[in-house]
Amino acid sequence: MKQYSLIRKGNIFITKASVRYRTDFGRLTLIVDTGSSRTLISRFELESMSCNIVSSSKIQRLVTASGIVDAPMFTIDSFFCFGKRIDNFEIVAYDLPRESFVDGLLGMDFMSSFDISISTKNGTVIVK
C-alpha cells in the first residue's frame with residue numbers, strides 16, 4: 001500500500017502525471033475528477049509531444065458546463081500516475097479554460113483500473 005499527497009485548491013484536488021508518446025515525454029498537472037469518466041489532456045500538451053490529434057477518427061462526446069462538445073480521442077503509449085502505469089491508454093484531447101491552470105483531468109477510466117481510495121479530509125490517495 002502506498003500513499004500519495006494531493007494538492008488542494010479549495011475543493012479541488014490536483015496531482016501530477018506523466019505521459020509518453022513515441023520518444024516524447026510530458027509531465028502533467030491534472031485535476032482528480034471522480035465525475036469524469038475519461039481522462040482529458042489538453043491539445044497543447046499533446047501537440048507538444050508530436051501527437052497528431054487531428055488525424056484521430058474517434059470522437060468522444062463530452063457534457064461540459066458550456067454545453068455538449070465533440071473531442072478527439074487519442075492513444076498514448078503510456079500514462080503514469082500514483083505509481084501505476086497503463087500502456088496504450090486512450091485519452092480525450094480537450095482544452096479546459098485557461099483559468100483552470102491545469103493540463104487536464106484524471107478520470108475514472110484510469111482510477112477504476114486500480115484499487116485507489118481518496119481521502120478528501122487528508123488530501124491523499126491510497127493505492128493498494
# chains A, B, ... in the order shown; residues from 1 in each chain; ligands from 1

call {"tool": "residues_around", "arguments": {"residues": "Ser117 of chain A", "least_positions_apart": "5", "cutoff": "7 Å", "atoms": "only C-alpha atoms", "output": "list in words"}}
result
Val125, Ile126 and Val127 of chain A

call {"tool": "select_by_dssp", "arguments": {"residues": "chain A", "states": "strand (DSSP E or B)", "output": "MDAnalysis selection string"}}
result
chainID A and resid 2:5 7:9 12:21 24:32 40:41 59:64 67:81 84:93 104:106 116:119 124:127

call {"tool": "closest_residue", "arguments": {"among": "A:Arg27, A:Lys121, A:Arg98, A:Arg61", "to": "Arg8 of chain A", "atoms": "only C-alpha atoms"}}
result
A:Lys121

call {"tool": "residues_around", "arguments": {"residues": "Cys51 of chain A", "least_positions_apart": "6", "cutoff": "9 Å", "atoms": "only C-alpha atoms", "output": "PyMOL selection string"}}
result
chain A and resi 21-22+43+45+74+76

call {"tool": "closest_residue", "arguments": {"among": "A:Ala93, A:Arg20, A:Asp109, A:Gln3", "to": "Phe44 of chain A", "atoms": "only C-alpha atoms"}}
result
A:Ala93

call {"tool": "closest_residue", "arguments": {"among": "A:Thr124, A:Asn11, A:Ser36, A:Ser112", "to": "Thr64 of chain A", "atoms": "only C-alpha atoms"}}
result
A:Ser36

call {"tool": "residues_around", "arguments": {"residues": "Leu62 of chain A", "least_positions_apart": "6", "cutoff": "10 Å", "atoms": "only C-alpha atoms", "output": "ChimeraX atom specification"}}
result
/A:36-38,68-71,92,94

call {"tool": "closest_residue", "arguments": {"among": "A:Ser113, A:Met108, A:Ser66, A:Phe80", "to": "Lys16 of chain A", "atoms": "only C-alpha atoms"}}
result
A:Phe80

call {"tool": "select_by_dssp", "arguments": {"residues": "segment 7-117 of chain A", "states": "helix (DSSP H, G or I)", "output": "ChimeraX atom specification"}}
result
/A:43-48,53-55,98-100,108-111

call {"tool": "write_last_selection", "arguments": {"atoms": "C-alpha atoms", "output": "compact mmCIF listing (two decimals), in the first residue's frame"}}
result
# COMPACT_ATOMS: atom_id res chain seq x y z
CA ARG A 43 -4.43 19.60 -27.01
CA PHE A 44 -1.45 21.89 -26.41
CA GLU A 45 0.29 19.30 -24.21
CA LEU A 46 -0.40 16.51 -26.69
CA GLU A 47 0.80 18.55 -29.66
CA SER A 48 3.98 19.47 -27.75
CA ILE A 53 -4.60 14.56 -32.81
CA VAL A 54 -6.18 15.97 -35.97
CA SER A 55 -5.71 12.59 -37.60
CA ARG A 98 -7.17 28.87 -19.09
CA GLU A 99 -8.35 29.87 -15.63
CA SER A 100 -8.13 26.24 -14.51
CA MET A 108 -12.29 7.26 -13.70
CA ASP A 109 -11.01 5.31 -16.72
CA PHE A 110 -7.58 5.41 -15.05
CA MET A 111 -8.59 5.39 -11.38

call {"tool": "residues_around", "arguments": {"residues": "Thr29 of chain A", "least_positions_apart": "3", "cutoff": "7 Å", "atoms": "only C-alpha atoms", "output": "list in words"}}
result
Ile14, Thr15, Lys16, Ala17, Val102 and Asp103 of chain A

call {"tool": "atom_distance", "arguments": {"atom1": "atom CA of Gln60 of chain A", "atom2": "atom CA of Met73 of chain A"}}
result
6.3 Å

call {"tool": "decode", "arguments": {"residues": "segment 74-113 of chain A", "atoms": "N, CA and C atoms", "output": "compact mmCIF listing (two decimals), in the first residue's frame"}}
result
# COMPACT_ATOMS: atom_id res chain seq x y z
N PHE A 74 -7.42 9.94 -28.45
CA PHE A 74 -6.07 9.67 -28.91
C PHE A 74 -5.42 8.64 -27.99
N THR A 75 -4.67 7.72 -28.55
CA THR A 75 -4.00 6.70 -27.75
C THR A 75 -2.54 7.09 -27.54
N ILE A 76 -2.15 7.22 -26.28
CA ILE A 76 -0.75 7.50 -25.95
C ILE A 76 -0.09 6.19 -25.55
N ASP A 77 1.23 6.14 -25.68
CA ASP A 77 1.95 4.89 -25.41
C ASP A 77 1.87 4.47 -23.95
N SER A 78 2.01 5.43 -23.03
CA SER A 78 1.87 5.08 -21.62
C SER A 78 1.46 6.30 -20.81
N PHE A 79 0.74 6.01 -19.73
CA PHE A 79 0.25 7.03 -18.80
C PHE A 79 0.61 6.55 -17.41
N PHE A 80 1.23 7.42 -16.61
CA PHE A 80 1.74 7.04 -15.29
C PHE A 80 1.26 8.03 -14.24
N CYS A 81 0.62 7.51 -13.20
CA CYS A 81 0.14 8.34 -12.10
C CYS A 81 -0.03 7.46 -10.86
N PHE A 82 0.20 8.02 -9.69
CA PHE A 82 0.06 7.29 -8.41
C PHE A 82 0.84 5.97 -8.42
N GLY A 83 2.01 5.97 -9.08
CA GLY A 83 2.84 4.77 -9.10
C GLY A 83 2.31 3.66 -9.99
N LYS A 84 1.29 3.94 -10.79
CA LYS A 84 0.68 2.93 -11.67
C LYS A 84 0.78 3.39 -13.12
N ARG A 85 0.92 2.42 -14.01
CA ARG A 85 1.05 2.73 -15.43
C ARG A 85 0.04 1.94 -16.25
N ILE A 86 -0.50 2.61 -17.26
CA ILE A 86 -1.33 1.94 -18.25
C ILE A 86 -0.70 2.20 -19.61
N ASP A 87 -0.43 1.13 -20.34
CA ASP A 87 0.11 1.25 -21.69
C ASP A 87 -1.04 1.33 -22.69
N ASN A 88 -0.77 2.00 -23.81
CA ASN A 88 -1.78 2.18 -24.87
C ASN A 88 -3.08 2.72 -24.28
N PHE A 89 -2.96 3.83 -23.60
CA PHE A 89 -4.07 4.45 -22.87
C PHE A 89 -4.78 5.46 -23.76
N GLU A 90 -6.07 5.28 -23.90
CA GLU A 90 -6.88 6.16 -24.74
C GLU A 90 -7.37 7.34 -23.91
N ILE A 91 -7.03 8.55 -24.36
CA ILE A 91 -7.42 9.76 -23.64
C ILE A 91 -8.24 10.65 -24.58
N VAL A 92 -8.83 11.69 -24.00
CA VAL A 92 -9.58 12.67 -24.78
C VAL A 92 -8.73 13.94 -24.87
N ALA A 93 -8.58 14.47 -26.07
CA ALA A 93 -7.85 15.72 -26.29
C ALA A 93 -8.83 16.88 -26.17
N TYR A 94 -8.69 17.63 -25.09
CA TYR A 94 -9.65 18.72 -24.85
C TYR A 94 -9.00 19.79 -23.98
N ASP A 95 -9.18 21.04 -24.35
CA ASP A 95 -8.62 22.16 -23.60
C ASP A 95 -9.61 22.67 -22.58
N LEU A 96 -9.21 22.65 -21.33
CA LEU A 96 -10.00 23.26 -20.26
C LEU A 96 -9.80 24.77 -20.32
N PRO A 97 -10.67 25.55 -19.68
CA PRO A 97 -10.47 27.01 -19.67
C PRO A 97 -9.11 27.38 -19.08
N ARG A 98 -8.49 28.43 -19.58
CA ARG A 98 -7.17 28.87 -19.09
C ARG A 98 -7.15 29.11 -17.59
N GLU A 99 -8.27 29.55 -17.06
CA GLU A 99 -8.35 29.87 -15.63
C GLU A 99 -8.15 28.64 -14.74
N SER A 100 -8.27 27.45 -15.31
CA SER A 100 -8.13 26.24 -14.51
C SER A 100 -6.67 25.96 -14.16
N PHE A 101 -5.72 26.48 -14.93
CA PHE A 101 -4.29 26.33 -14.67
C PHE A 101 -3.84 24.88 -14.53
N VAL A 102 -4.50 23.97 -15.23
CA VAL A 102 -4.09 22.56 -15.24
C VAL A 102 -4.03 22.08 -16.69
N ASP A 103 -3.43 20.91 -16.86
CA ASP A 103 -3.28 20.34 -18.20
C ASP A 103 -4.40 19.38 -18.58
N GLY A 104 -5.33 19.14 -17.64
CA GLY A 104 -6.43 18.23 -17.94
C GLY A 104 -7.05 17.65 -16.69
N LEU A 105 -7.75 16.52 -16.89
CA LEU A 105 -8.46 15.84 -15.80
C LEU A 105 -8.01 14.39 -15.72
N LEU A 106 -7.82 13.90 -14.51
CA LEU A 106 -7.59 12.47 -14.30
C LEU A 106 -8.95 11.85 -14.06
N GLY A 107 -9.39 11.02 -15.00
CA GLY A 107 -10.74 10.46 -14.95
C GLY A 107 -10.81 9.07 -14.37
N MET A 108 -12.03 8.58 -14.27
CA MET A 108 -12.29 7.26 -13.70
C MET A 108 -11.77 6.13 -14.58
N ASP A 109 -11.56 6.37 -15.87
CA ASP A 109 -11.01 5.31 -16.72
C ASP A 109 -9.64 4.86 -16.22
N PHE A 110 -8.87 5.78 -15.66
CA PHE A 110 -7.58 5.41 -15.05
C PHE A 110 -7.79 4.91 -13.62
N MET A 111 -8.49 5.70 -12.81
CA MET A 111 -8.59 5.39 -11.38
C MET A 111 -9.29 4.07 -11.10
N SER A 112 -10.30 3.72 -11.89
CA SER A 112 -11.02 2.47 -11.62
C SER A 112 -10.26 1.23 -12.10
N SER A 113 -9.14 1.44 -12.76
CA SER A 113 -8.29 0.31 -13.17
C SER A 113 -7.47 -0.24 -12.01
